[in-house]
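S.K.: Got a structure for you, my_file-v9.cif, holding mmCIF, C-alpha atoms.
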data_target
loop_
_atom_site.label_atom_id
_atom_site.label_comp_id
_atom_site.auth_asym_id
_atom_site.auth_seq_id
_atom_site.Cartn_x
_atom_site.Cartn_y
_atom_site.Cartn_z
CA MET Z 31 74.36 79.58 98.25
CA LYS Z 32 76.00 82.87 99.26
CA ASN Z 33 77.82 83.20 95.93
CA ASN Z 34 74.66 82.29 94.02
CA LEU Z 35 72.71 84.94 95.93
CA THR Z 36 75.28 87.59 95.09
CA ALA Z 37 75.18 86.61 91.43
CA ILE Z 38 71.36 86.74 91.33
CA ILE Z 39 71.20 90.21 92.92
CA THR Z 40 73.95 91.48 90.61
CA MET Z 41 72.03 90.12 87.63
CA PHE Z 42 68.89 92.02 88.67
CA VAL Z 43 70.87 95.25 88.82
CA LEU Z 44 73.00 94.86 85.69
CA MET Z 45 70.18 93.69 83.44
CA ASN Z 46 68.23 96.82 84.27
CA THR Z 47 70.99 99.43 84.13
CA THR Z 48 71.24 101.56 81.00
CA GLY Z 49 73.53 104.57 80.55
CA GLN Z 50 73.72 106.82 83.58
CA GLU Z 51 70.25 106.03 84.83
CA LEU Z 52 69.63 103.06 87.10
CA LYS Z 53 66.48 101.13 86.25
CA MET Z 54 65.64 98.09 88.31
CA ASN Z 55 63.07 95.37 88.29
CA ILE Z 56 62.50 95.73 92.01
CA THR Z 57 59.44 93.47 91.99
CA GLY Z 58 61.53 90.41 91.24
CA LEU Z 59 64.31 91.49 93.59
CA ASP Z 60 61.83 92.17 96.39
CA ARG Z 61 60.34 88.71 95.91
CA LEU Z 62 63.76 87.07 96.03
CA ILE Z 63 64.82 88.86 99.23
CA ASP Z 64 61.50 88.20 100.95
CA SER Z 65 61.78 84.48 100.19
CA LEU Z 66 65.23 83.91 101.68
CA PRO Z 67 64.18 83.37 105.34
CA SER Z 68 62.01 80.45 104.19
CA VAL Z 69 65.11 78.62 102.94
CA GLY Z 70 67.25 79.09 106.02
CA PHE Z 71 68.56 82.66 105.95
CA PRO Z 72 67.74 84.16 109.39
CA MET Z 73 68.09 87.73 108.15
CA VAL Z 74 68.88 89.51 104.90
CA ARG Z 75 69.52 93.19 104.26
CA VAL Z 76 70.39 94.38 100.76
CA ILE Z 77 71.68 97.86 99.96
CA ILE Z 78 72.53 98.91 96.40
CA THR Z 79 74.37 102.14 95.69
CA LYS Z 80 75.18 103.97 92.48
CA ASP Z 81 77.52 106.94 92.21
CA GLY Z 82 77.70 107.12 96.00
CA LYS Z 83 73.92 107.26 96.44
CA THR Z 84 71.66 104.57 97.87
CA VAL Z 85 69.16 103.55 95.21
CA TYR Z 86 67.66 100.44 96.80
CA THR Z 87 67.25 98.90 100.26
CA ARG Z 88 65.22 95.97 101.46
CA SER Z 89 65.29 93.60 104.42
CA SER Z 90 63.68 90.34 105.47
CA GLY Z 91 63.90 88.08 108.50
CA PHE Z 92 64.95 89.15 112.00
CA ALA Z 93 68.07 90.72 113.48
CA ASP Z 94 67.93 88.62 116.65
CA ALA Z 95 67.60 84.91 117.36
CA ASP Z 96 64.32 85.38 119.27
CA LYS Z 97 62.68 86.98 116.22
CA THR Z 98 61.71 90.16 118.02
CA ARG Z 99 63.68 92.78 116.09
CA ARG Z 100 63.45 93.54 112.39
CA PRO Z 101 66.58 94.73 110.56
CA THR Z 102 67.10 98.49 110.44
CA ALA Z 103 69.58 100.90 108.91
CA ASP Z 104 71.23 101.31 112.34
CA ASP Z 105 72.19 97.63 112.65
CA LEU Z 106 75.87 96.71 112.79
CA TYR Z 107 77.37 93.48 111.44
CA ARG Z 108 80.49 91.48 112.08
CA ILE Z 109 82.33 91.63 108.76
CA TYR Z 110 84.85 88.82 109.35
CA SER Z 111 86.96 88.31 106.22
CA VAL Z 112 85.70 91.51 104.61
CA SER Z 113 88.33 93.04 106.90
CA LYS Z 114 90.91 91.68 104.44
CA VAL Z 115 90.06 94.67 102.25
CA CYS Z 116 91.17 96.91 105.12
CA THR Z 117 94.36 94.89 105.54
CA CYS Z 118 95.32 95.22 101.89
CA THR Z 119 94.42 98.91 101.86
CA ALA Z 120 96.60 99.54 104.91
CA ALA Z 121 99.55 97.69 103.39
CA MET Z 122 99.18 99.43 100.02
CA GLN Z 123 99.20 102.81 101.75
CA LEU Z 124 102.62 101.90 103.13
CA VAL Z 125 103.74 100.73 99.68
CA GLU Z 126 102.66 104.08 98.21
CA GLN Z 127 104.62 105.89 100.91
CA GLY Z 128 107.75 103.91 100.05
CA LYS Z 129 107.87 102.29 103.48
CA LEU Z 130 107.09 98.78 102.22
CA GLY Z 131 108.05 96.97 99.02
CA LEU Z 132 105.91 94.39 97.24
CA TYR Z 133 109.03 92.36 96.46
CA ASP Z 134 110.51 92.62 99.95
CA ASP Z 135 111.11 89.38 101.81
CA VAL Z 136 108.60 88.87 104.61
CA ALA Z 137 111.62 87.91 106.73
CA LYS Z 138 112.85 91.51 106.48
CA TYR Z 139 110.02 92.40 108.85
CA ILE Z 140 109.36 89.07 110.62
CA PRO Z 141 112.66 87.15 110.78
CA ALA Z 142 110.93 83.86 111.67
CA PHE Z 143 109.84 83.62 108.02
CA GLY Z 144 113.44 83.52 106.84
CA ASP Z 145 113.96 79.78 107.15
CA MET Z 146 110.73 78.19 105.95
CA LYS Z 147 110.11 74.50 105.46
CA ILE Z 148 107.71 72.80 103.05
CA GLN Z 149 105.79 69.63 103.80
CA ASP Z 150 104.70 67.56 100.81
CA ARG Z 151 104.18 63.89 99.98
CA ASN Z 152 107.93 63.30 100.20
CA GLY Z 153 108.25 64.75 103.69
CA ILE Z 154 109.62 68.04 104.99
CA ARG Z 155 112.25 70.01 103.08
CA ARG Z 156 113.71 73.50 103.04
CA ALA Z 157 111.82 76.03 100.89
CA GLU Z 158 113.65 77.19 97.77
CA ASN Z 159 111.67 80.42 97.35
CA SER Z 160 111.60 83.17 99.95
CA MET Z 161 108.16 84.46 100.90
CA LYS Z 162 107.57 87.95 99.49
CA ILE Z 163 105.13 90.66 100.53
CA TRP Z 164 103.19 90.23 97.29
CA HIS Z 165 102.70 86.56 98.18
CA LEU Z 166 100.83 87.69 101.27
CA PHE Z 167 98.57 89.99 99.24
CA THR Z 168 97.73 87.21 96.75
CA MET Z 169 97.58 84.35 99.25
CA THR Z 170 100.27 82.47 97.38
CA GLY Z 171 102.59 82.23 100.39
CA GLY Z 172 102.01 78.51 100.93
CA MET Z 173 100.30 78.91 104.30
CA ASP Z 174 97.03 77.37 105.49
CA TYR Z 175 94.22 78.60 107.78
CA ASP Z 176 95.10 76.55 110.85
CA LEU Z 177 94.24 78.69 113.86
CA ALA Z 178 94.94 75.75 116.17
CA SER Z 179 98.54 75.06 115.16
CA ASP Z 180 100.98 74.05 117.88
CA GLY Z 181 102.75 77.40 117.68
CA ILE Z 182 99.58 79.46 118.04
CA LYS Z 183 98.29 77.31 120.90
CA ARG Z 184 101.60 77.63 122.73
CA VAL Z 185 101.63 81.41 122.42
CA LEU Z 186 98.01 81.78 123.54
CA ALA Z 187 98.55 79.42 126.47
CA ALA Z 188 101.36 81.67 127.69
CA ASN Z 189 99.51 84.90 126.89
CA PRO Z 190 95.79 84.82 125.98
CA HIS Z 191 96.11 88.45 124.85
CA ALA Z 192 99.10 87.91 122.57
CA GLY Z 193 99.43 90.47 119.81
CA THR Z 194 99.37 90.14 116.03
CA VAL Z 195 103.14 90.07 115.55
CA GLU Z 196 103.66 87.45 118.25
CA LEU Z 197 100.99 85.17 116.83
CA CYS Z 198 102.19 85.55 113.25
CA THR Z 199 105.75 84.79 114.34
CA ALA Z 200 104.42 81.51 115.76
CA MET Z 201 102.69 80.77 112.44
CA ALA Z 202 106.09 80.59 110.77
CA GLU Z 203 106.90 77.44 112.73
CA LYS Z 204 104.48 75.38 110.64
CA PRO Z 205 105.76 74.02 107.30
CA LEU Z 206 104.27 75.51 104.15
CA PHE Z 207 102.12 73.52 101.74
CA PHE Z 208 104.00 74.63 98.62
CA GLU Z 209 106.73 76.93 97.38
CA PRO Z 210 105.77 80.59 97.89
CA GLY Z 211 104.52 82.20 94.69
CA THR Z 212 103.65 78.95 92.90
CA ARG Z 213 100.04 78.32 93.91
CA TYR Z 214 97.03 79.91 95.57
CA LYS Z 215 95.56 78.81 98.88
CA TYR Z 216 93.15 80.76 101.06
CA SER Z 217 95.14 81.17 104.23
CA LEU Z 218 96.48 83.28 107.08
CA CYS Z 219 98.62 85.31 104.67
CA HIS Z 220 96.61 88.46 105.31
CA ASP Z 221 97.07 88.05 109.06
CA VAL Z 222 100.82 88.07 108.46
CA LEU Z 223 100.36 91.13 106.25
CA ALA Z 224 98.60 92.86 109.16
CA ALA Z 225 101.61 92.06 111.35
CA VAL Z 226 103.87 93.64 108.73
CA VAL Z 227 101.67 96.77 108.81
CA GLU Z 228 102.16 96.95 112.57
CA ILE Z 229 105.92 96.62 112.30
CA VAL Z 230 106.34 99.14 109.47
CA SER Z 231 103.91 101.75 110.85
CA GLY Z 232 104.70 101.34 114.54
CA GLU Z 233 100.97 101.25 115.29
CA ARG Z 234 98.72 98.43 116.40
CA PHE Z 235 96.80 97.19 113.37
CA ALA Z 236 93.42 98.22 114.79
CA ASP Z 237 94.78 101.69 115.55
CA TYR Z 238 96.33 102.02 112.10
CA CYS Z 239 93.03 101.18 110.41
CA GLN Z 240 91.16 103.58 112.67
CA ASN Z 241 93.59 106.45 112.12
CA HIS Z 242 94.37 106.03 108.43
CA ILE Z 243 91.28 104.37 106.89
CA PHE Z 244 88.11 104.51 108.99
CA GLU Z 245 88.32 108.06 110.34
CA PRO Z 246 89.49 109.71 107.08
CA LEU Z 247 86.62 108.02 105.23
CA GLY Z 248 84.02 108.89 107.86
CA MET Z 249 83.42 105.22 108.70
CA LYS Z 250 82.30 105.99 112.25
CA ASP Z 251 80.69 102.61 112.82
CA THR Z 252 83.54 100.47 111.50
CA THR Z 253 85.85 99.39 114.31
CA PHE Z 254 87.74 96.49 115.86
CA HIS Z 255 86.63 97.64 119.31
CA PRO Z 256 82.91 98.56 119.42
CA THR Z 257 81.65 100.80 122.18
CA LYS Z 258 78.92 99.70 124.58
CA GLU Z 259 76.40 101.61 122.49
CA GLN Z 260 77.60 100.00 119.26
CA GLU Z 261 77.46 96.54 120.84
CA LYS Z 262 73.72 97.01 121.38
CA ARG Z 263 73.29 97.48 117.61
CA ILE Z 264 75.23 94.37 116.52
CA CYS Z 265 73.02 91.71 114.94
CA SER Z 266 72.92 88.21 116.37
CA LEU Z 267 75.11 85.38 115.19
CA TYR Z 268 73.48 82.08 114.27
CA SER Z 269 74.58 78.46 114.36
CA PHE Z 270 72.92 76.27 111.74
CA HIS Z 271 72.43 72.54 112.22
CA ASN Z 272 70.78 71.91 108.88
CA TRP Z 273 70.04 73.85 105.71
CA ASP Z 274 66.74 72.40 104.53
CA GLY Z 275 64.80 75.33 105.93
CA THR Z 276 62.41 73.12 107.86
CA SER Z 277 63.94 72.56 111.28
CA ALA Z 278 67.12 74.58 111.40
CA GLU Z 279 68.09 75.24 114.99
CA ARG Z 280 69.13 78.81 115.50
CA LYS Z 281 70.80 80.09 118.63
CA ASN Z 282 72.26 83.41 119.61
CA VAL Z 283 76.06 83.20 119.78
#
Represent the structure from my file as C-alpha cells, please.

M.R.:
Amino acid sequence: MKNNLTAIITMFVLMNTTGQELKMNITGLDRLIDSLPSVGFPMVRVIITKDGKTVYTRSSGFADADKTRRPTADDLYRIYSVSKVCTCTAAMQLVEQGKLGLYDDVAKYIPAFGDMKIQDRNGIRRAENSMKIWHLFTMTGGMDYDLASDGIKRVLAANPHAGTVELCTAMAEKPLFFEPGTRYKYSLCHDVLAAVVEIVSGERFADYCQNHIFEPLGMKDTTFHPTKEQEKRICSLYSFHNWDGTSAERKNV
C-alpha cells in the first residue's frame, strides 16, 4: 500500500508538471489524502517541493492515538530506514576525502569480517569472496536483518548500551546467505557501514551525522537524540491488528 500511495502521489505531480512551472490537479490529490484515514492510515502528511520551495501541503487524520491532535508543520517523525540515506552520505563523504575505499575489504576496518562463512542447502562453508565496502552500500554483502542473532543477544546481555562497532562485530559471527557481491538482500549491511564510518572518522555515528550532515545543512530537527522539547513534537506510533479499516486497533507505542 505504501509503495502504491507514493506512486499515485507522484503521478498526480508528474502528469501536471510542464516546463518550469508546476501545475497540479490538487482537487484529486486532496481527495486521495483525505480518504486515507478511512482505509487504515492513522495520519498522513504530504509535502511537495520544487526547486527548494514548498508548493503543496496537506494533512489528514490525527498525530496522536487518542485523536486529539491534528498534524502540523511542527510535528516530528521517526524516520527509521530513511536514515540509511544519512549512512550512505556519511560513508561517501569519507570516500571523497580519500579515507575510505569502495573496494576496500570490510575486514580492513572490522577484522571479524575477515573469515566469513556461508550457509546454504549444502551446509556451512568458507566464503570465497571477501566482503567489500561497496557490498555494504548495495546490500549485496550476503547478510540478513536478524536483530536477534546469538551474537547480538550475547553482546546486549553483557552490555545493554553496546556501541555500533561492538554490535556489528558480533554480526560477523553469523554465516552469510550467499557470496558477497553476487546477490541482493535487504539486510544489516548499512549498520555495518555505519560502524565503518565510526572507525574511519573516530566519531560516534550519531555525532558524525550531526557534525557533518545535519548541522551544515541546517537540519535542526533531525537527530538521533531528541531533546525534551523535540520529544513533545514526535507523532505517535501505531500498532495495527488488521488492515480492513473497520476495526483496526490502534495504540500509542

S.K.: When you count all atoms listed in the file, which of these residues is closest to Thr212 of chain Z: Z:Gly91, Z:Gly171, Z:Gly181, Z:Gly248?

M.R.: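 Going through Z:Gly91, Z:Gly171, Z:Gly181, Z:Gly248 one by one, the smallest distance to Thr212 of chain Z is for Z:Gly171.
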
S.K.: Which residue is closest to Ile77 of chain Z? Choose from Z:Met122, Z:Val185, Z:Leu59, Z:Ala93 and count all atoms listed in the file.

M.R.: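 Distance minimum relative to Ile77 of chain Z lands on Z:Leu59.
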
S.K.: Given 3 Å of margin on each side, can you work out the centre and size in Å (one decimal) of an axis-aligned box holding every listed atom of segment 227-246 of chain Z, as AutoDock Vina command-line options?

M.R.:
--center_x 97.2 --center_y 103.2 --center_z 111.6 --size_x 24.2 --size_y 19.1 --size_z 15.5

S.K.: So the first atom is atom CA of Ala157 of chain Z and the second is atom CA of Lys204 of chain Z; what is the distance between them in Å, to one decimal place?

M.R.: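 Straight-line distance from atom CA of Ala157 of chain Z to atom CA of Lys204 of chain Z works out to 12.2 Å.
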
S.K.: Nearest to Phe207 of chain Z among Z:Met146, Z:Met249, Z:Ala188, Z:Ile229, with distances taken over all atoms listed in the file: which residue is it?

M.R.: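 Nearest to Phe207 of chain Z: Z:Met146.
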
S.K.: So which one's closest to Pro205 of chain Z, Z:Val76, Z:Met173, Z:Ala187, Z:Leu106? Using all atoms listed in the file, please.

M.R.: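 Once distances to Pro205 of chain Z are computed over all atoms listed in the file, the minimum belongs to Z:Met173.
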
S.K.: With distances taken over all atoms listed in the file, which residue among Z:Gly82, Z:Glu261, Z:Met73, Z:Asp237 lies nearest Ala95 of chain Z?

M.R.: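 Closest residue, counting all atoms listed in the file: Z:Met73.
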
S.K.: Please compute the atom CA of Arg75 of chain Z-atom CA of Thr253 of chain Z distance, one decimal, in Å.

M.R.: 20.2 Å

S.K.: Output as CSV one row per residue of segment 74-185 of chain Z within 8 Å of segment 64-70 of chain Z: the closest atom pair and its distance in Å to one decimal place, counting only C-alpha atoms, sorted by chain and residue number ascending.

M.R.:
residue,atom,partner,partner_atom,distance
Z:Val74,CA,Z:Leu66,CA,7.4
Z:Ser89,CA,Z:Asp64,CA,7.5
Z:Ser90,CA,Z:Asp64,CA,5.5
Z:Gly91,CA,Z:Pro67,CA,5.7

S.K.: Which residues, named as in the file, does the PyMOL selection byres ((chain Z and resi 264) around 10) pick out? Answer as a PyMOL selection string.

M.R.: chain Z and resi 93-94+104-108+256+259-263+265-267

S.K.: Considering all atoms listed in the file, return as a ChimeraX atom specification whatever protein or nucleic-acid residues lie within 8 Å of Ala202 of chain Z, sequence-local ones (same chain, fewer than 4 positions apart) excluded.

M.R.: /Z:142-143,146,198

S.K.: What does the structure give for the distance between atom CA of Ser231 of chain Z and atom CA of Ile182 of chain Z, in Å to one decimal?

M.R.: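 Atom CA of Ile182 of chain Z lies 23.8 Å from atom CA of Ser231 of chain Z.
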
S.K.: Hey, which of Z:Leu223, Z:Ile109, Z:Gln123, Z:Thr102 ends up closest to Thr199 of chain Z? Count all atoms listed in the file.

M.R.: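 Smallest separation from Thr199 of chain Z among the options: Z:Leu223.
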
S.K.: Go through the shown structure with the PyMOL selection byres ((chain Z and resi 129-141) around 6) and write out the matching residues as a list of chain:residue names.

M.R.: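 In the shown coordinates, the PyMOL selection byres ((chain Z and resi 129-141) around 6) covers Z:Leu124, Z:Val125, Z:Gln127, Z:Gly128, Z:Ala142, Z:Phe143, Z:Gly144, Z:Met161, Z:Lys162, Z:Ile163, Z:Trp164.
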
S.K.: When you look at Thr168 of chain Z with a cut-off of 10 Å (counting only C-alpha atoms), what residues show up, excluding the ones that are within fewer than 2 positions of it in the same chain? I need them as a ChimeraX atom specification.

M.R.: /Z:118,163-166,170-171,211,213-217,219-220

S.K.: Store the residues of this selection in a file with C-alpha atoms, as a PDB file, in the coordinates of the input.

M.R.:
ATOM      1  CA  CYS Z 118      95.320  95.220 101.890  1.00  0.00           C
ATOM      2  CA  ILE Z 163     105.130  90.660 100.530  1.00  0.00           C
ATOM      3  CA  TRP Z 164     103.190  90.230  97.290  1.00  0.00           C
ATOM      4  CA  HIS Z 165     102.700  86.560  98.180  1.00  0.00           C
ATOM      5  CA  LEU Z 166     100.830  87.690 101.270  1.00  0.00           C
ATOM      6  CA  THR Z 170     100.270  82.470  97.380  1.00  0.00           C
ATOM      7  CA  GLY Z 171     102.590  82.230 100.390  1.00  0.00           C
ATOM      8  CA  GLY Z 211     104.520  82.200  94.690  1.00  0.00           C
ATOM      9  CA  ARG Z 213     100.040  78.320  93.910  1.00  0.00           C
ATOM     10  CA  TYR Z 214      97.030  79.910  95.570  1.00  0.00           C
ATOM     11  CA  LYS Z 215      95.560  78.810  98.880  1.00  0.00           C
ATOM     12  CA  TYR Z 216      93.150  80.760 101.060  1.00  0.00           C
ATOM     13  CA  SER Z 217      95.140  81.170 104.230  1.00  0.00           C
ATOM     14  CA  CYS Z 219      98.620  85.310 104.670  1.00  0.00           C
ATOM     15  CA  HIS Z 220      96.610  88.460 105.310  1.00  0.00           C
TER      16      HIS Z 220
END

S.K.: Identify, on the basis of all atoms listed in the file, every residue whose closest approach to Glu209 of chain Z does not exceed 7 Å; exclude the query and any residue fewer than 6 positions from it along the same chain; express the result as a list in words.

M.R.: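 Close residues of Glu209 of chain Z: Ala157, Glu158, Asn159 and Gly172 of chain Z.
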
S.K.: Running the PyMOL selection byres ((chain Z and resi 195) around 10) on this model by hand, what would come out? Give it as a list of chain:residue names.

M.R.: Z:Tyr139, Z:Ile140, Z:Ala192, Z:Gly193, Z:Thr194, Z:Glu196, Z:Leu197, Z:Cys198, Z:Thr199, Z:Ala200, Z:Met201, Z:Asp221, Z:Val222, Z:Leu223, Z:Ala224, Z:Ala225, Z:Val226, Z:Val227, Z:Glu228, Z:Ile229, Z:Arg234, Z:Phe235

S.K.: Could you complete segment 146-160 of chain Z so that it carries N, CA, C and O atoms, and give it back as a PDB file, in the coordinates of the input?

M.R.:
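Okay, result_29.pdb is ready:
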ATOM      1  N   MET Z 146     111.977  78.941 106.034  1.00  0.00           N
ATOM      2  CA  MET Z 146     110.730  78.190 105.950  1.00  0.00           C
ATOM      3  C   MET Z 146     110.954  76.775 105.427  1.00  0.00           C
ATOM      4  O   MET Z 146     111.854  76.523 104.620  1.00  0.00           O
ATOM      5  N   LYS Z 147     110.099  75.895 105.911  1.00  0.00           N
ATOM      6  CA  LYS Z 147     110.110  74.500 105.460  1.00  0.00           C
ATOM      7  C   LYS Z 147     108.831  74.235 104.670  1.00  0.00           C
ATOM      8  O   LYS Z 147     107.830  74.934 104.810  1.00  0.00           O
ATOM      9  N   ILE Z 148     108.882  73.218 103.826  1.00  0.00           N
ATOM     10  CA  ILE Z 148     107.710  72.800 103.050  1.00  0.00           C
ATOM     11  C   ILE Z 148     107.440  71.329 103.325  1.00  0.00           C
ATOM     12  O   ILE Z 148     108.367  70.510 103.320  1.00  0.00           O
ATOM     13  N   GLN Z 149     106.183  71.019 103.586  1.00  0.00           N
ATOM     14  CA  GLN Z 149     105.790  69.630 103.800  1.00  0.00           C
ATOM     15  C   GLN Z 149     104.957  69.160 102.616  1.00  0.00           C
ATOM     16  O   GLN Z 149     103.909  69.734 102.317  1.00  0.00           O
ATOM     17  N   ASP Z 150     105.441  68.133 101.920  1.00  0.00           N
ATOM     18  CA  ASP Z 150     104.700  67.560 100.810  1.00  0.00           C
ATOM     19  C   ASP Z 150     104.699  66.040 100.949  1.00  0.00           C
ATOM     20  O   ASP Z 150     105.056  65.504 102.009  1.00  0.00           O
ATOM     21  N   ARG Z 151     104.309  65.338  99.905  1.00  0.00           N
ATOM     22  CA  ARG Z 151     104.180  63.890  99.980  1.00  0.00           C
ATOM     23  C   ARG Z 151     105.510  63.189 100.249  1.00  0.00           C
ATOM     24  O   ARG Z 151     105.533  62.029 100.672  1.00  0.00           O
ATOM     25  N   ASN Z 152     106.600  63.897  99.993  1.00  0.00           N
ATOM     26  CA  ASN Z 152     107.930  63.300 100.200  1.00  0.00           C
ATOM     27  C   ASN Z 152     108.526  63.646 101.560  1.00  0.00           C
ATOM     28  O   ASN Z 152     109.661  63.266 101.856  1.00  0.00           O
ATOM     29  N   GLY Z 153     107.757  64.385 102.369  1.00  0.00           N
ATOM     30  CA  GLY Z 153     108.250  64.750 103.690  1.00  0.00           C
ATOM     31  C   GLY Z 153     108.464  66.239 103.822  1.00  0.00           C
ATOM     32  O   GLY Z 153     107.848  67.039 103.118  1.00  0.00           O
ATOM     33  N   ILE Z 154     109.348  66.628 104.728  1.00  0.00           N
ATOM     34  CA  ILE Z 154     109.620  68.040 104.990  1.00  0.00           C
ATOM     35  C   ILE Z 154     110.977  68.418 104.415  1.00  0.00           C
ATOM     36  O   ILE Z 154     111.966  67.710 104.600  1.00  0.00           O
ATOM     37  N   ARG Z 155     111.008  69.538 103.696  1.00  0.00           N
ATOM     38  CA  ARG Z 155     112.250  70.010 103.080  1.00  0.00           C
ATOM     39  C   ARG Z 155     112.341  71.519 103.215  1.00  0.00           C
ATOM     40  O   ARG Z 155     111.352  72.197 103.524  1.00  0.00           O
ATOM     41  N   ARG Z 156     113.513  72.059 102.981  1.00  0.00           N
ATOM     42  CA  ARG Z 156     113.710  73.500 103.040  1.00  0.00           C
ATOM     43  C   ARG Z 156     113.100  74.167 101.809  1.00  0.00           C
ATOM     44  O   ARG Z 156     113.232  73.665 100.687  1.00  0.00           O
ATOM     45  N   ALA Z 157     112.407  75.289 102.008  1.00  0.00           N
ATOM     46  CA  ALA Z 157     111.820  76.030 100.890  1.00  0.00           C
ATOM     47  C   ALA Z 157     112.911  76.640 100.017  1.00  0.00           C
ATOM     48  O   ALA Z 157     113.920  77.122 100.516  1.00  0.00           O
ATOM     49  N   GLU Z 158     112.708  76.586  98.715  1.00  0.00           N
ATOM     50  CA  GLU Z 158     113.650  77.190  97.770  1.00  0.00           C
ATOM     51  C   GLU Z 158     113.347  78.674  97.563  1.00  0.00           C
ATOM     52  O   GLU Z 158     114.260  79.472  97.360  1.00  0.00           O
ATOM     53  N   ASN Z 159     112.073  79.031  97.562  1.00  0.00           N
ATOM     54  CA  ASN Z 159     111.670  80.420  97.350  1.00  0.00           C
ATOM     55  C   ASN Z 159     111.478  81.123  98.683  1.00  0.00           C
ATOM     56  O   ASN Z 159     110.937  80.540  99.630  1.00  0.00           O
ATOM     57  N   SER Z 160     111.903  82.363  98.766  1.00  0.00           N
ATOM     58  CA  SER Z 160     111.600  83.170  99.950  1.00  0.00           C
ATOM     59  C   SER Z 160     110.185  83.726  99.814  1.00  0.00           C
ATOM     60  O   SER Z 160     109.716  83.996  98.705  1.00  0.00           O
TER      61      SER Z 160
END
